[in-house]
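See structure below.
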Amino acid sequence: MKITYNSYSVLLLFLTISITIRSVDCSEVNAHLESSKQLMAEGRFKDALEHLHKAEQIESNNYLVLYNRAVLHLALKKVKSALGDLNAALQFKPNFMLARFQKVKILIKSGKLDEAKTELEKVIDTDTGNEEATKTLSLLKSLQAQYEQALIHHRDKRWRATSNILTRIIKHCPWDAKLLEIRSDCYLAIDDVQNAILDLRALTQLVPDNVEAFFKLSNLYYAEGVADGSLREVRKCLKLDPEHKLCFQHFKKVKNVAKTISDLNSATENSRSRDCIAHAKKLLELEPANKNFKFEAEEKLCQCSLAVGDSKGAIDSCTKAIEIERWPKLFCNRAEAYIAENLLEKAANDYSVALEINDNLECANYGIKKVKRLQKQAKKRDYYKILGVSRDATKQDINKAYRQKAQKWHPDNFRANEDERKKAEMKFIDIANAKEVLTDPEKRKRFDLGEDPLDPESTKIPEFYFRTFEF
């Protein structure tokens, strides 16, 4: 049996006791009670509460006013205030079983099982035929037995068994901060950080002045690589205790990391690749040990290094990121870098791995086809290899390589030997064709896609190729 409480049960309780309102002598108190009942039915809890405050000021020992206000406090999740009003109502009318049973429910939800049992026995002694009270007593005994078993498991460091039992108990005792704290520690012991964080967040809502819980929560977010979450929680810690040394030290570190990550993301989103690289390297300097922050930095370095044509740097960063987490997009990026380095087999392998992880990944499906075209092309002529440049070479690099190769293989350098001259002529043609393709953006794009824009069967030797010129 699970103890529940909602607005419908609140309204039902109001309707249950409405017939007793007329027994109150004070007409002004009666008017406030009627008004609060009407406002409650409309869902205007705070307005209803104001009327009950006024009624209590007029007649402080009116148990009905106190009970009604307790129910409203519960609806507004003010558990301590509700319990205080219920205790006051019972002080003035000890045999008010409706209030006592409501108190039992609150005590159970708060995890105060011994107190709840004492109060429940009073209900049963007064009303032996109360079926709900009897069922609740059975639940109480079961919860107490489970709690004892959880303590034994916890003592024996059986973390998972402890957390499983506590989960069953917490369903009935969601307001017990101690249970949440113990379960959070159990989750951490079995490396279930996400659930540990959820429990700590619930704990800080129940105990909003728990400085150590906020500090612990901030550290967990940081360990998970959630800099913004860590910063938010450590600020709450400092708000409660500005002199907390550990919180302040952590705050300075987190603030710097969070700012760097924000700058890194902004640079990436706005295609400022050079800035992206700078911020990613800064993040690695700030947090070289945290694998989550390291992954974020290396992943961005992989992406941005590729964007600026640093294929070797991209391969290095992609590899480091993959060692932490095997994102399929990282394999695609590394494959592109391998292509730039003419490492087609490695590129094909990376695209295949990416497809094993996600067979619908567009970049991998396209990349596989691209590599096949390039491998087929490599069996013919590779203009990059002819000039001795990488696939990410700039136009300036290509022109420089062309001048060097053309000077070396110009046929005029081989007049003494006819065979060597013919060989040089063919080399010179290839060099000139390579320059023509790689310095023309459209032709180069076609070649990079695996298509040779020049038909080797119909290639004519331009007259100027063999013209004597100075380099």
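How things are named: the first chain in the structure tokens is A, the next is B, and so on; residues count from 1 in each chain; ligands count from 1 in the order shown.
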
Applying 10 Å and only C-alpha atoms, which residues near range 108-115 of chain A remain after dropping the ones on its own chain fewer than 4 positions away? List them as an MDAnalysis selection string.
chainID A and resid 2:4 79 103:104 119:120 136 139:141 143:144 147 169:179

Using only C-alpha atoms, please write the residues we just selected to a file, as a JSON list (two decimals), in the first residue's frame.
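Dumped to part_4.json:
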[["chain", "number", "residue", "atom", "x", "y", "z"],
["A", 2, "LYS", "CA", 1.40, 3.40, -0.98],
["A", 3, "ILE", "CA", 0.45, 6.58, 0.89],
["A", 4, "THR", "CA", -0.52, 9.28, -1.64],
["A", 79, "VAL", "CA", 5.10, 19.77, 5.35],
["A", 103, "LYS", "CA", -0.40, 12.99, 10.79],
["A", 104, "VAL", "CA", 0.44, 9.30, 10.38],
["A", 119, "GLU", "CA", 0.17, 7.52, 16.32],
["A", 120, "LEU", "CA", -1.39, 4.74, 14.26],
["A", 136, "THR", "CA", -1.29, 1.11, 7.05],
["A", 139, "LEU", "CA", 2.75, -1.42, 5.66],
["A", 140, "LEU", "CA", 4.60, 0.28, 8.50],
["A", 141, "LYS", "CA", 5.88, -2.97, 9.91],
["A", 143, "LEU", "CA", 8.88, -0.75, 5.92],
["A", 144, "GLN", "CA", 10.60, -1.08, 9.30],
["A", 147, "TYR", "CA", 14.92, -0.62, 6.63],
["A", 169, "ILE", "CA", 11.12, 2.23, 0.94],
["A", 170, "ILE", "CA", 11.49, 5.67, -0.67],
["A", 171, "LYS", "CA", 8.34, 5.05, -2.73],
["A", 172, "HIS", "CA", 6.47, 5.35, 0.58],
["A", 173, "CYS", "CA", 8.91, 7.71, 2.34],
["A", 174, "PRO", "CA", 9.85, 10.28, -0.34],
["A", 175, "TRP", "CA", 10.44, 13.05, 2.20],
["A", 176, "ASP", "CA", 13.14, 11.21, 4.16],
["A", 177, "ALA", "CA", 16.36, 13.11, 3.38],
["A", 178, "LYS", "CA", 18.50, 10.52, 5.16],
["A", 179, "LEU", "CA", 17.30, 7.69, 2.92]]

All helix (DSSP H, G or I) residues (DSSP, backbone) inside range 77-216 of chain A, as a PyMOL selection string
chain A and resi 79-92+97-109+113-126+131-155+159-170+177-189+193-206+211-216

So the first atom is CA of Asn62 in chain A and the second is CA of Leu90 in chain A; what is the distance between them in Å, to one decimal place?
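Distance between the two atoms: 10.5 Å.
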
Polymer residues at most 10 Å from Glu345 in chain A, only C-alpha atoms, same-chain spacing of 2 or more positions, as a list of chain:residue names:
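The residues satisfying every condition are A:Ala335, A:Tyr338, A:Ile339, A:Asn342, A:Leu343, A:Ala347, A:Ala348, A:Asn349, A:Asp350, A:Val371, A:Lys372, A:Gln375.
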
I'd like to know which of A:Asn292, A:Ser273, A:Thr162, A:Asn30 is closest to Tyr222 in chain A, using only C-alpha atoms.
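That would be A:Asn292, the residue with the smallest distance to Tyr222 in chain A.
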
Closest to Ala278 in chain A among A:Leu264, A:Ile182, A:Ala424, A:Leu83, using only C-alpha atoms?
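Looking only at the distances to Ala278 in chain A, the closest residue turns out to be A:Leu264.
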
Surrounding residues of Pro328 in chain A excluding itself and chain neighbours under 6 positions, 12 Å, only C-alpha atoms, as a PyMOL selection string:
chain A and resi 299+318+321-322+334-335+350-365

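In terms of minimum interatomic distance to Leu107 in chain A, A:Lys80 ranks closest within A:His250, A:Lys80, A:Asn95, A:Arg201, counting only C-alpha atoms.
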
Do a neighbour search on Ile277 in chain A at 8 Å with only C-alpha atoms, toss out local chain neighbours closer than 6 positions, and write the hits as a list in words.
Lys300, Leu301, Cys304 and Ser305 of chain A

Okay, now the selection with N, CA and C atoms, as a short mmCIF file (atom, residue, chain, number, x, y, z; two decimals), in the first residue's frame?
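Contents of the output file out.cif:
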data_model
loop_
_atom_site.label_atom_id
_atom_site.label_comp_id
_atom_site.auth_asym_id
_atom_site.auth_seq_id
_atom_site.Cartn_x
_atom_site.Cartn_y
_atom_site.Cartn_z
N LYS A 300 36.30 18.68 -30.43
CA LYS A 300 36.29 19.95 -31.14
C LYS A 300 37.59 20.16 -31.91
N LEU A 301 38.71 19.73 -31.35
CA LEU A 301 39.99 19.84 -32.07
C LEU A 301 39.97 18.99 -33.33
N CYS A 304 37.72 20.98 -35.82
CA CYS A 304 38.23 22.27 -36.27
C CYS A 304 39.59 22.15 -36.96
N SER A 305 40.40 21.18 -36.56
CA SER A 305 41.68 20.95 -37.24
C SER A 305 41.43 20.52 -38.67
#

Nearest to Leu206 in chain A, chosen from A:Ala416, A:Val29, A:Leu180, A:Leu66, with only C-alpha atoms counted in the distances
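Ranking A:Ala416, A:Val29, A:Leu180, A:Leu66 by distance to Leu206 in chain A, first place goes to A:Leu180.
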
Which of A:Gln149, A:Val389, A:Ser27, A:Gly450 sits closest to Lys369 in chain A [using only C-alpha atoms]:
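Under the stated criterion, the closest residue is A:Gly450.
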
Take CA of Cys276 in chain A and CA of Thr260 in chain A and report the distance between them in Å, one decimal.
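About the pair CA of Cys276 in chain A and CA of Thr260 in chain A: they are 10.2 Å apart.
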